[in-house]
>>> print(open('structure_28.txt').read())   # compact mmCIF, C-alpha atoms
# COMPACT_ATOMS: atom_id res chain seq x y z
CA MET W 15 0.00 0.00 0.00
CA GLU W 16 1.14 3.51 -0.64
CA ASP W 17 2.02 5.67 2.29
CA LYS W 18 0.93 9.23 2.47
CA ASN W 19 4.20 10.51 1.08
CA SER W 20 4.38 8.19 -1.89
CA ILE W 21 4.66 9.55 -5.41
CA PRO W 22 2.58 7.44 -7.77
CA VAL W 23 4.01 7.07 -11.26
CA ASN W 24 1.46 6.41 -13.94
CA GLY W 25 1.90 3.50 -16.24
CA SER W 26 -0.78 3.25 -18.85
CA GLY W 27 -1.93 6.75 -17.93
CA ASP W 28 -0.56 10.23 -17.46
CA ASN W 29 1.42 11.01 -14.31
CA GLN W 30 -0.16 12.38 -11.19
CA ASP W 31 0.91 15.54 -9.42
CA SER W 32 4.24 15.26 -7.59
CA SER W 33 6.13 17.76 -5.52
CA LYS W 34 9.30 15.71 -5.83
CA THR W 35 9.55 15.78 -9.64
CA LYS W 36 12.88 17.12 -10.79
CA LYS W 37 11.54 18.26 -14.14
CA SER W 38 8.73 20.68 -14.83
CA GLY W 39 5.70 20.57 -12.53
CA ARG W 40 3.23 17.77 -13.16
CA THR W 41 -0.49 18.32 -13.04
CA SER W 42 -2.97 15.65 -12.11
CA LEU W 43 -5.19 14.35 -14.90
CA LEU W 44 -7.21 12.09 -12.65
CA ASP W 45 -10.95 12.31 -12.37
CA SER W 46 -11.66 14.02 -9.07
CA GLY W 47 -15.41 13.58 -9.35
CA GLU W 48 -17.48 10.53 -8.57
CA ASP W 49 -17.69 9.16 -12.05
CA PHE W 50 -17.14 9.90 -15.72
CA GLU W 51 -20.21 11.94 -16.74
CA MET W 52 -21.88 8.58 -17.18
CA LEU W 53 -25.27 9.95 -18.17
CA GLU W 54 -24.23 12.00 -21.19
CA ASP W 55 -24.31 9.23 -23.80
CA VAL W 56 -27.48 7.38 -24.70
CA ASP W 57 -25.90 4.16 -25.94
CA ASP W 58 -23.63 3.45 -22.98
CA GLY W 59 -23.53 6.33 -20.54
CA VAL W 60 -19.83 6.23 -19.63
CA ASP W 61 -17.29 8.06 -21.76
CA ASP W 62 -17.82 6.21 -25.04
CA ASP W 63 -15.41 8.59 -26.73
CA LEU W 64 -12.47 7.08 -24.85
CA PRO W 65 -9.99 5.56 -27.30
CA PRO W 66 -9.25 1.87 -26.71
CA LEU W 67 -5.82 0.47 -25.89
CA GLU W 68 -4.30 -2.71 -27.23
CA ASP W 69 -3.43 -3.61 -23.63
CA ALA W 70 -5.38 -5.78 -21.22
CA GLY W 71 -8.85 -4.55 -20.48
CA GLY W 72 -10.86 -4.93 -23.68
CA GLY W 73 -8.85 -2.76 -26.04
CA LYS W 74 -7.89 -3.71 -29.59
CA LYS W 75 -4.76 -5.77 -30.07
CA GLN W 76 -2.10 -4.60 -32.48
CA ASN W 77 -1.06 -6.94 -35.24
CA SER W 78 2.00 -9.09 -34.73
CA GLN W 79 3.98 -7.36 -37.47
CA ALA W 80 3.66 -4.01 -35.75
CA GLU W 81 4.72 -5.53 -32.45
CA THR W 82 7.71 -7.18 -34.13
CA ALA W 83 8.74 -3.91 -35.74
CA LYS W 84 8.59 -2.11 -32.39
CA THR W 85 10.62 -4.87 -30.75
CA GLU W 86 13.29 -4.52 -33.41
CA ALA W 87 13.28 -0.75 -32.92
CA VAL W 88 14.03 -1.20 -29.21
CA THR W 89 16.83 -3.64 -29.92
CA ASP W 90 18.37 -1.57 -32.71
CA ASN W 91 18.47 1.63 -30.66
CA SER W 92 19.56 0.08 -27.37
CA PRO W 93 23.20 0.00 -26.23
CA SER W 94 25.29 -2.65 -27.95
CA LEU W 95 25.34 -5.43 -25.36
CA PRO W 96 25.87 -9.18 -25.61
CA PRO W 97 22.49 -10.96 -25.81
CA GLU W 98 23.28 -13.18 -22.82
CA GLU W 99 23.51 -10.14 -20.53
CA TRP W 100 19.84 -9.36 -21.06
CA LEU W 101 16.98 -11.11 -19.27
CA ASP W 102 13.90 -11.50 -21.47
CA VAL W 103 11.36 -11.03 -18.69
CA LEU W 104 8.26 -12.25 -20.55
CA GLY W 105 9.89 -14.28 -23.31
CA ASN W 106 8.43 -12.10 -26.07
CA GLY W 107 11.28 -9.62 -26.53
CA GLN W 108 9.08 -6.75 -25.39
CA LEU W 109 10.49 -6.40 -21.88
CA ARG W 110 14.21 -6.94 -21.26
CA LYS W 111 16.32 -6.25 -18.18
CA LYS W 112 20.07 -5.93 -17.68
CA VAL W 113 21.91 -5.47 -14.37
CA LEU W 114 24.17 -2.41 -14.43
CA GLU W 115 25.21 -2.56 -10.78
CA PRO W 116 24.48 -5.61 -8.56
CA GLY W 117 22.48 -5.18 -5.37
CA SER W 118 24.10 -4.66 -2.00
CA GLU W 119 21.82 -7.16 -0.25
CA PRO W 120 21.69 -10.67 -1.76
CA ASP W 121 18.34 -12.44 -1.80
CA SER W 122 16.53 -9.17 -1.10
CA LYS W 123 14.07 -9.14 -3.98
CA PRO W 124 10.84 -7.38 -3.00
CA GLN W 125 7.54 -9.20 -2.83
CA ARG W 126 4.20 -8.21 -4.30
CA GLY W 127 2.30 -6.04 -1.85
CA GLN W 128 5.41 -4.42 -0.42
CA ILE W 129 6.06 -0.70 -0.75
CA VAL W 130 9.18 -0.14 -2.84
CA THR W 131 11.16 3.07 -3.39
CA ILE W 132 13.16 3.65 -6.57
CA ASN W 133 15.07 6.22 -8.57
CA LEU W 134 13.94 6.33 -12.20
CA LYS W 135 15.26 7.83 -15.42
CA THR W 136 13.01 7.44 -18.47
CA SER W 137 14.31 7.92 -22.01
CA LEU W 138 13.09 7.35 -25.55
CA THR W 139 15.03 4.89 -27.70
CA ASP W 140 16.78 7.79 -29.45
CA GLY W 141 18.34 8.80 -26.12
CA THR W 142 16.00 11.70 -25.32
CA THR W 143 15.39 11.90 -21.57
CA VAL W 144 11.71 12.51 -20.86
CA GLU W 145 11.68 12.18 -17.08
CA GLU W 146 14.04 11.75 -14.14
CA GLU W 147 12.74 11.27 -10.61
CA SER W 148 14.07 10.24 -7.22
CA ASN W 149 12.47 8.43 -4.28
CA ILE W 150 9.35 7.20 -6.07
CA SER W 151 7.29 4.96 -3.80
CA PHE W 152 4.54 2.58 -4.89
CA THR W 153 2.96 -0.72 -3.92
CA LEU W 154 4.46 -3.51 -5.98
CA GLY W 155 1.84 -5.39 -8.00
CA ASP W 156 -1.06 -2.98 -7.38
CA GLY W 157 -0.92 -1.43 -10.85
CA ASP W 158 0.08 1.97 -9.47
CA VAL W 159 2.79 2.38 -12.13
CA MET W 160 3.45 1.30 -15.71
CA GLN W 161 3.57 -2.46 -16.20
CA ALA W 162 7.27 -2.37 -17.09
CA LEU W 163 8.09 -1.16 -13.58
CA ASP W 164 5.73 -3.54 -11.81
CA LEU W 165 7.18 -6.52 -13.68
CA THR W 166 10.90 -5.70 -13.46
CA VAL W 167 11.34 -4.15 -10.00
CA GLN W 168 10.27 -7.42 -8.39
CA LEU W 169 13.27 -9.05 -10.12
CA MET W 170 15.76 -6.60 -8.58
CA GLU W 171 17.66 -6.70 -5.30
CA ILE W 172 18.02 -3.83 -2.86
CA GLY W 173 20.67 -1.41 -4.15
CA GLU W 174 20.64 -2.85 -7.65
CA LYS W 175 20.71 -0.57 -10.68
CA ALA W 176 19.23 -1.98 -13.87
CA LEU W 177 18.54 -0.98 -17.46
CA VAL W 178 15.15 -1.98 -18.83
CA GLU W 179 13.98 -1.95 -22.44
CA ALA W 180 10.19 -1.66 -22.44
CA GLY W 181 7.99 -2.03 -25.50
CA SER W 182 5.17 0.50 -25.67
CA LYS W 183 2.66 -2.16 -24.66
CA TYR W 184 4.23 -2.22 -21.19
CA ALA W 185 4.81 1.55 -21.01
CA TYR W 186 2.37 4.25 -22.19
CA GLY W 187 0.77 2.27 -24.98
CA ALA W 188 -1.04 3.51 -28.06
CA LEU W 189 -2.01 6.82 -26.46
CA GLY W 190 1.40 7.88 -25.20
CA SER W 191 1.55 10.51 -22.47
CA SER W 192 1.54 14.28 -22.20
CA THR W 193 3.39 14.33 -18.86
CA PRO W 194 5.98 12.97 -19.28
CA ALA W 195 6.08 13.72 -23.00
CA VAL W 196 5.95 10.24 -24.54
CA PRO W 197 4.66 9.79 -28.13
CA PRO W 198 2.09 7.11 -28.98
CA HIS W 199 3.49 3.60 -29.48
CA ALA W 200 6.84 4.72 -28.03
CA ASP W 201 9.27 2.15 -26.65
CA LEU W 202 11.21 3.31 -23.59
CA ILE W 203 14.58 2.82 -21.93
CA LEU W 204 14.29 2.83 -18.12
CA GLU W 205 17.21 3.19 -15.75
CA ILE W 206 16.03 1.96 -12.35
CA GLN W 207 17.69 1.83 -8.96
CA LEU W 208 15.88 -0.05 -6.19
CA LEU W 209 16.44 1.83 -2.94
CA SER W 210 14.25 -0.04 -0.44
CA ALA W 211 11.34 -2.41 0.12
CA ALA W 212 9.11 -2.37 3.18
CA GLU W 213 5.99 -4.15 4.34
CA ALA W 214 2.71 -2.37 3.70
CA PRO W 215 0.99 -0.98 6.81
CA ASP W 216 -1.64 -3.03 8.59
CA LEU W 217 -5.01 -1.74 7.35
CA GLU W 218 -6.60 -2.42 10.72
CA LEU W 219 -4.17 -0.03 12.39
CA LEU W 220 -4.48 2.82 9.89
CA SER W 221 -6.36 5.90 11.02
CA PRO W 222 -9.63 6.57 9.18
CA SER W 223 -8.09 9.57 7.40
CA GLU W 224 -5.16 7.43 6.20
CA ARG W 225 -7.53 4.76 4.89
CA ILE W 226 -9.63 7.36 3.07
CA SER W 227 -6.52 8.91 1.51
CA LEU W 228 -5.05 5.55 0.46
CA ALA W 229 -8.35 4.25 -0.97
CA SER W 230 -8.87 7.50 -2.88
CA LYS W 231 -5.43 7.16 -4.50
CA LYS W 232 -6.23 3.63 -5.64
CA ARG W 233 -9.61 4.79 -7.00
CA GLU W 234 -7.98 7.65 -8.89
CA ARG W 235 -5.48 5.22 -10.35
CA GLY W 236 -8.42 3.11 -11.50
CA ASN W 237 -9.89 6.18 -13.16
CA VAL W 238 -6.66 6.66 -15.12
CA HIS W 239 -6.82 3.06 -16.32
CA TYR W 240 -10.50 3.49 -17.24
CA GLN W 241 -9.91 6.68 -19.18
CA ARG W 242 -7.20 4.95 -21.19
CA GLY W 243 -9.41 1.94 -21.97
CA ASP W 244 -7.56 -0.46 -19.64
CA TYR W 245 -10.76 -1.72 -18.04
CA ALA W 246 -9.32 -4.87 -16.44
CA PHE W 247 -6.63 -2.82 -14.70
CA ALA W 248 -9.27 -0.29 -13.64
CA ILE W 249 -11.33 -3.05 -12.02
CA ASN W 250 -8.21 -4.26 -10.19
CA SER W 251 -7.51 -0.77 -8.79
CA TYR W 252 -11.12 -0.27 -7.71
CA GLY W 253 -11.05 -3.68 -6.03
CA ILE W 254 -7.93 -2.77 -4.04
CA ALA W 255 -9.58 0.49 -2.97
CA LEU W 256 -12.63 -1.45 -1.77
CA GLN W 257 -10.43 -3.79 0.27
CA ILE W 258 -9.09 -0.70 2.05
CA THR W 259 -12.45 0.92 2.72
CA GLU W 260 -14.13 -2.31 3.83
CA ALA W 261 -11.31 -3.61 6.03
CA SER W 262 -12.05 -3.98 9.72
CA SER W 263 -10.44 -1.37 11.96
CA ARG W 264 -9.10 -1.33 15.48
CA VAL W 265 -9.08 2.45 15.48
CA ASP W 266 -12.02 4.57 16.61
CA ILE W 267 -13.88 6.23 13.78
CA SER W 268 -16.22 9.20 13.84
CA PRO W 269 -19.62 9.33 12.07
CA GLN W 270 -18.20 11.80 9.54
CA GLU W 271 -15.27 9.52 8.76
CA GLU W 272 -17.67 6.61 8.32
CA GLU W 273 -19.62 8.70 5.84
CA ASP W 274 -16.44 9.64 3.97
CA LEU W 275 -15.38 5.98 3.74
CA LEU W 276 -18.83 5.04 2.46
CA ASP W 277 -18.59 7.78 -0.15
CA VAL W 278 -15.32 6.32 -1.50
CA THR W 279 -16.84 2.82 -1.43
CA VAL W 280 -19.87 3.88 -3.48
CA LYS W 281 -17.70 5.71 -6.01
CA CYS W 282 -15.50 2.64 -6.45
CA LEU W 283 -18.48 0.32 -6.89
CA ASN W 284 -20.11 2.65 -9.42
CA ASN W 285 -16.92 2.99 -11.44
CA MET W 286 -16.26 -0.73 -11.19
CA ALA W 287 -19.71 -1.41 -12.65
CA ALA W 288 -18.91 0.92 -15.55
CA ALA W 289 -15.66 -0.95 -16.29
CA GLN W 290 -17.37 -4.34 -15.97
CA LEU W 291 -20.00 -3.23 -18.48
CA LYS W 292 -17.23 -2.29 -20.91
CA LEU W 293 -15.94 -5.87 -20.67
CA ASP W 294 -19.46 -7.36 -21.00
CA HIS W 295 -19.22 -8.82 -17.50
CA TYR W 296 -22.93 -8.38 -16.91
CA GLU W 297 -23.38 -10.46 -13.78
CA ALA W 298 -20.41 -8.77 -12.08
CA ALA W 299 -21.69 -5.33 -13.09
CA LEU W 300 -25.13 -6.19 -11.73
CA ARG W 301 -23.61 -7.23 -8.38
CA SER W 302 -21.71 -3.94 -8.20
CA CYS W 303 -24.90 -1.97 -8.85
CA VAL W 304 -26.81 -3.95 -6.24
CA SER W 305 -24.03 -3.23 -3.72
CA VAL W 306 -24.31 0.50 -4.41
CA LEU W 307 -28.07 0.44 -4.03
CA ALA W 308 -27.73 -1.42 -0.73
CA HIS W 309 -25.92 1.66 0.58
CA GLN W 310 -27.79 4.30 -1.42
CA PRO W 311 -31.15 3.06 -2.78
CA ASP W 312 -31.68 6.22 -4.85
CA ASN W 313 -28.26 6.34 -6.52
CA ILE W 314 -29.05 7.43 -10.09
CA LYS W 315 -25.91 6.01 -11.68
CA ALA W 316 -26.39 2.60 -10.10
CA LEU W 317 -30.06 2.49 -11.13
CA PHE W 318 -29.20 3.53 -14.67
CA ARG W 319 -26.50 0.86 -15.03
CA GLN W 320 -28.66 -1.77 -13.39
CA GLY W 321 -31.35 -1.03 -15.95
CA LYS W 322 -28.82 -1.26 -18.77
CA VAL W 323 -27.49 -4.61 -17.55
CA LEU W 324 -31.00 -6.07 -17.25
CA ALA W 325 -31.83 -4.84 -20.75
CA LEU W 326 -28.66 -6.43 -22.14
CA GLN W 327 -29.75 -9.68 -20.50
CA GLY W 328 -33.15 -9.42 -22.20
CA GLU W 329 -35.04 -8.56 -19.00
CA TYR W 330 -36.88 -5.65 -20.60
CA ALA W 331 -39.83 -5.46 -18.20
CA GLU W 332 -37.58 -5.28 -15.12
CA ALA W 333 -35.19 -2.87 -16.85
CA ILE W 334 -38.08 -0.56 -17.70
CA ARG W 335 -39.27 -0.66 -14.11
CA ILE W 336 -35.79 0.30 -12.84
CA LEU W 337 -35.36 3.12 -15.35
CA LYS W 338 -38.81 4.51 -14.55
CA ARG W 339 -37.72 4.66 -10.94
CA ALA W 340 -34.53 6.49 -11.92
CA LEU W 341 -36.51 8.91 -14.10
CA LYS W 342 -38.87 9.64 -11.23
CA LEU W 343 -35.85 10.65 -9.14
CA GLU W 344 -34.40 12.80 -11.93
CA PRO W 345 -37.20 13.73 -14.38
CA SER W 346 -35.06 16.11 -16.44
CA ASN W 347 -32.43 13.51 -17.35
CA LYS W 348 -32.54 13.22 -21.13
CA THR W 349 -30.35 10.12 -21.28
CA ILE W 350 -32.68 8.14 -19.03
CA HIS W 351 -35.60 9.35 -21.17
CA ALA W 352 -33.87 8.14 -24.33
CA GLU W 353 -32.83 4.80 -22.86
CA LEU W 354 -36.31 4.20 -21.49
CA SER W 355 -37.96 4.99 -24.83
CA LYS W 356 -35.59 2.61 -26.59
CA LEU W 357 -36.37 -0.18 -24.12
CA VAL W 358 -40.13 0.33 -24.34
CA LYS W 359 -39.91 -0.05 -28.12
CA LYS W 360 -37.76 -3.19 -27.84
CA HIS W 361 -40.11 -4.66 -25.25
CA SER W 362 -43.10 -4.04 -27.53
CA GLU W 363 -41.30 -5.71 -30.43
CA GLN W 364 -40.41 -8.63 -28.20
CA LYS W 365 -44.02 -9.13 -27.13
CA GLY W 366 -45.17 -8.93 -30.75
CA ALA W 367 -42.65 -11.59 -31.76
CA GLU W 368 -43.76 -13.83 -28.89
CA GLN W 369 -47.42 -13.51 -29.87
CA ALA W 370 -46.60 -14.40 -33.47
CA MET W 371 -44.65 -17.43 -32.28
CA TYR W 372 -47.51 -18.63 -30.09
CA LYS W 373 -49.95 -18.32 -32.98
CA LYS W 374 -47.65 -20.34 -35.18
CA MET W 375 -47.28 -23.02 -32.51
CA LEU W 376 -51.06 -23.26 -32.11
CA GLY W 377 -51.67 -23.51 -35.83
CA ASN W 378 -52.86 -19.91 -36.13
CA PRO W 379 -56.47 -20.55 -34.91
CA PRO W 380 -59.12 -18.30 -36.45
CA ASP W 381 -60.42 -15.33 -34.53
CA ILE W 382 -63.42 -16.32 -32.44
CA ASN W 383 -65.38 -13.36 -33.77
CA THR W 384 -65.13 -14.67 -37.35
CA VAL W 385 -66.48 -18.19 -36.63
CA GLN W 386 -70.04 -18.66 -38.04
CA LYS W 387 -72.63 -19.53 -35.45
CA PRO W 388 -74.98 -22.47 -36.21
CA GLN W 389 -78.50 -21.42 -37.22
CA ALA W 390 -81.23 -21.92 -34.63
CA LYS W 391 -83.87 -24.53 -35.39
CA SER W 392 -87.25 -23.20 -36.43
CA SER W 393 -90.17 -23.76 -34.11
CA TRP W 394 -92.05 -25.88 -36.68
CA MET W 395 -89.25 -28.33 -37.50
CA LEU W 396 -90.11 -31.91 -36.58
CA THR W 397 -87.78 -33.97 -34.42
>>> encode(input="structure_28.txt", output="structure tokens")
Amino acid sequence: MEDKNSIPVNGSGDNQDSSKTKKSGRTSLLDSGEDFEMLEDVDDGVDDDLPPLEDAGGGKKQNSQAETAKTEAVTDNSPSLPPEEWLDVLGNGQLRKKVLEPGSEPDSKPQRGQIVTINLKTSLTDGTTVEEESNISFTLGDGDVMQALDLTVQLMEIGEKALVEAGSKYAYGALGSSTPAVPPHADLILEIQLLSAAEAPDLELLSPSERISLASKKRERGNVHYQRGDYAFAINSYGIALQITEASSRVDISPQEEEDLLDVTVKCLNNMAAAQLKLDHYEAALRSCVSVLAHQPDNIKALFRQGKVLALQGEYAEAIRILKRALKLEPSNKTIHAELSKLVKKHSEQKGAEQAMYKKMLGNPPDINTVQKPQAKSSWMLT
């Protein structure tokens, strides 16, 4: 877990604000609000204009030729070193590590979940330095930094300095970054020095304010992943934040602090549902919505997404009921109006199709009103 003085370094997203940056000041691009203007788009309701990434989380994959070309670009522009000195971390040539200076403490590799502190110099393959920072702290394996760092730092020993060649897939991806200035699809050269590794604090012993701060950082990191189209990583970050907010505590907590923790919990669940919808994980998204509504029965975003999930599962009648409830709470919401109208039309078409199917199954019996009635016998007819 991050401590309060940690400096998160963004991986698949742009870097957060840091007072310890040696270069120009960095401004936070994280979503500080509860969600992502989820009720502005009729078709989905959560930032459909976000460009997808080829990385994990539902984005498009690049073709193998492009990946091969980028791998060759990293190799061609990297320092001339014997192949055996490089460790191919993933076996695909996209992430390679070389020890520049051995560690001072043998068998001191950090473990996932520990808080590590590093010095980092980031350069493009042409030698241009884009960022140089000292004393960066993050939780190893939590997705707080680019994948290249998460995957290689755990292979280092305390005091070790290493050179890492990272393909764009494990750096800033197809979108690149504005801060630091990294072009799209850019491979990077990372010079890393592992300074320390320490156990994460016991959540039960954290003060309420520390838990709120830590959970908020994880949620904001999830927002960065979401905004870049890395929905699986976003779900992971939101899940870590929920573990923090929902952990038992041995520290006294005030009613206001309980309310603040609940607020972070609801935001994480709402955003998690949005990411799960992007990955078509309907049952998981429905559970997230139900969890929100258990805390806040009139939460518009949760009702809207619950209605969308039910509609995607073909439960039109129930979806319409949920959306009508949401519309009653917020009558001026045009997106709910549009979604409700669309569902009513689909439900009507569904009922029409079912009626036609039933008629076909029953042999299309004639309308009872068109059947001729037998004539009554006249009073003079003999038996």
>>> closest_residue(input="structure_28.txt", among="W:Ile129, W:Leu219, W:Val196, W:Ala287", to="W:Ala248", atoms="all atoms listed in the file")
W:Ala287
>>> atom_distance(input="structure_28.txt", atom1="atom CA of W:Leu354", atom2="atom CA of W:His309")
24.5 Å
>>> residues_near_point(input="structure_28.txt", point="(-25.6, -2.7, -7.2)", cutoff="12 Å", atoms="all atoms listed in the file", output="count of residues only")
38
>>> closest_residue(input="structure_28.txt", among="W:His351, W:His295, W:Lys112, W:Arg233", to="W:Val278", atoms="all atoms listed in the file")
W:Arg233
>>> closest_residue(input="structure_28.txt", among="W:Leu104, W:Ala212, W:Val159, W:Ala180", to="W:Lys123", atoms="only C-alpha atoms")
W:Ala212
>>> atom_distance(input="structure_28.txt", atom1="atom CA of W:Glu146", atom2="atom CA of W:Leu189")
20.8 Å
>>> atom_distance(input="structure_28.txt", atom1="atom CA of W:Glu179", atom2="atom CA of W:Ile203")
4.8 Å
>>> closest_residue(input="structure_28.txt", among="W:Glu218, W:Glu213, W:Asp201, W:Asp121", to="W:Phe152", atoms="only C-alpha atoms")
W:Glu213
>>> axis_aligned_box(input="structure_28.txt", around="stretch 108-126 of chain W", padding_each_side="8 Å", output="JSON")
{"center_x": 14.7, "center_y": -7.4, "center_z": -12.8, "size_x": 37.0, "size_y": 26.0, "size_z": 41.1}
>>> closest_residue(input="structure_28.txt", among="W:Glu329, W:Glu145, W:Asp158, W:Glu272", to="W:Thr193", atoms="all atoms listed in the file")
W:Glu145
>>> closest_atom_pairs(input="structure_28.txt", of="stretch 195-271 of chain W", to="stretch 132-142 of chain W", cutoff="6 Å", atoms="all atoms listed in the file", output="Markdown table")
| residue | atom | partner | partner_atom | distance |
| --- | --- | --- | --- | --- |
| W:Leu202 | CA | W:Leu138 | CA | 4.9 |
| W:Ile203 | CA | W:Ser137 | CA | 5.1 |
| W:Leu204 | CA | W:Thr136 | CA | 4.8 |
| W:Glu205 | CA | W:Lys135 | CA | 5.0 |
| W:Ile206 | CA | W:Leu134 | CA | 4.8 |
| W:Gln207 | CA | W:Asn133 | CA | 5.1 |
| W:Leu208 | CA | W:Ile132 | CA | 4.6 |
| W:Leu209 | CA | W:Ile132 | CA | 5.2 |
>>> decode(input="structure_28.txt", residues="stretch 114-121 of chain W", atoms="all heavy atoms", output="PDB file, in the first residue's frame")
ATOM      1  N   LEU W 114      23.047  -3.324 -14.268  1.00  0.00           N
ATOM      2  CA  LEU W 114      24.171  -2.412 -14.430  1.00  0.00           C
ATOM      3  C   LEU W 114      25.081  -2.449 -13.211  1.00  0.00           C
ATOM      4  O   LEU W 114      26.306  -2.447 -13.340  1.00  0.00           O
ATOM      5  CB  LEU W 114      23.668  -0.980 -14.652  1.00  0.00           C
ATOM      6  CG  LEU W 114      22.828  -0.734 -15.913  1.00  0.00           C
ATOM      7  CD1 LEU W 114      22.386   0.728 -15.975  1.00  0.00           C
ATOM      8  CD2 LEU W 114      23.595  -1.112 -17.172  1.00  0.00           C
ATOM      9  N   GLU W 115      24.470  -2.456 -12.021  1.00  0.00           N
ATOM     10  CA  GLU W 115      25.213  -2.564 -10.776  1.00  0.00           C
ATOM     11  C   GLU W 115      24.481  -3.567  -9.887  1.00  0.00           C
ATOM     12  O   GLU W 115      23.280  -3.420  -9.654  1.00  0.00           O
ATOM     13  CB  GLU W 115      25.303  -1.211 -10.060  1.00  0.00           C
ATOM     14  CG  GLU W 115      26.077  -0.153 -10.824  1.00  0.00           C
ATOM     15  CD  GLU W 115      26.104   1.180 -10.077  1.00  0.00           C
ATOM     16  OE1 GLU W 115      25.687   1.212  -8.888  1.00  0.00           O
ATOM     17  OE2 GLU W 115      26.522   2.175 -10.679  1.00  0.00           O
ATOM     18  N   PRO W 116      25.161  -4.599  -9.393  1.00  0.00           N
ATOM     19  CA  PRO W 116      24.478  -5.608  -8.564  1.00  0.00           C
ATOM     20  C   PRO W 116      24.005  -5.010  -7.242  1.00  0.00           C
ATOM     21  O   PRO W 116      24.512  -3.986  -6.776  1.00  0.00           O
ATOM     22  CB  PRO W 116      25.556  -6.675  -8.338  1.00  0.00           C
ATOM     23  CG  PRO W 116      26.846  -5.960  -8.544  1.00  0.00           C
ATOM     24  CD  PRO W 116      26.588  -4.886  -9.571  1.00  0.00           C
ATOM     25  N   GLY W 117      23.027  -5.647  -6.632  1.00  0.00           N
ATOM     26  CA  GLY W 117      22.481  -5.179  -5.369  1.00  0.00           C
ATOM     27  C   GLY W 117      23.444  -5.362  -4.219  1.00  0.00           C
ATOM     28  O   GLY W 117      24.351  -6.204  -4.265  1.00  0.00           O
ATOM     29  N   SER W 118      23.244  -4.603  -3.178  1.00  0.00           N
ATOM     30  CA  SER W 118      24.104  -4.662  -1.996  1.00  0.00           C
ATOM     31  C   SER W 118      23.619  -5.683  -0.989  1.00  0.00           C
ATOM     32  O   SER W 118      24.336  -6.022  -0.040  1.00  0.00           O
ATOM     33  CB  SER W 118      24.173  -3.280  -1.328  1.00  0.00           C
ATOM     34  OG  SER W 118      22.867  -2.826  -0.996  1.00  0.00           O
ATOM     35  N   GLU W 119      22.395  -6.182  -1.176  1.00  0.00           N
ATOM     36  CA  GLU W 119      21.815  -7.157  -0.247  1.00  0.00           C
ATOM     37  C   GLU W 119      21.340  -8.374  -1.027  1.00  0.00           C
ATOM     38  O   GLU W 119      20.279  -8.334  -1.649  1.00  0.00           O
ATOM     39  CB  GLU W 119      20.648  -6.536   0.529  1.00  0.00           C
ATOM     40  CG  GLU W 119      21.019  -5.311   1.344  1.00  0.00           C
ATOM     41  CD  GLU W 119      19.823  -4.734   2.082  1.00  0.00           C
ATOM     42  OE1 GLU W 119      18.905  -5.519   2.392  1.00  0.00           O
ATOM     43  OE2 GLU W 119      19.814  -3.519   2.340  1.00  0.00           O
ATOM     44  N   PRO W 120      22.108  -9.460  -1.025  1.00  0.00           N
ATOM     45  CA  PRO W 120      21.693 -10.666  -1.764  1.00  0.00           C
ATOM     46  C   PRO W 120      20.354 -11.196  -1.252  1.00  0.00           C
ATOM     47  O   PRO W 120      20.007 -11.047  -0.076  1.00  0.00           O
ATOM     48  CB  PRO W 120      22.834 -11.653  -1.488  1.00  0.00           C
ATOM     49  CG  PRO W 120      23.993 -10.795  -1.089  1.00  0.00           C
ATOM     50  CD  PRO W 120      23.405  -9.617  -0.375  1.00  0.00           C
ATOM     51  N   ASP W 121      19.638 -11.838  -2.143  1.00  0.00           N
ATOM     52  CA  ASP W 121      18.337 -12.441  -1.799  1.00  0.00           C
ATOM     53  C   ASP W 121      17.397 -11.434  -1.147  1.00  0.00           C
ATOM     54  O   ASP W 121      16.716 -11.743  -0.164  1.00  0.00           O
ATOM     55  CB  ASP W 121      18.530 -13.643  -0.866  1.00  0.00           C
ATOM     56  CG  ASP W 121      19.406 -14.714  -1.474  1.00  0.00           C
ATOM     57  OD1 ASP W 121      19.293 -14.930  -2.700  1.00  0.00           O
ATOM     58  OD2 ASP W 121      20.215 -15.317  -0.745  1.00  0.00           O
TER      59      ASP W 121
END
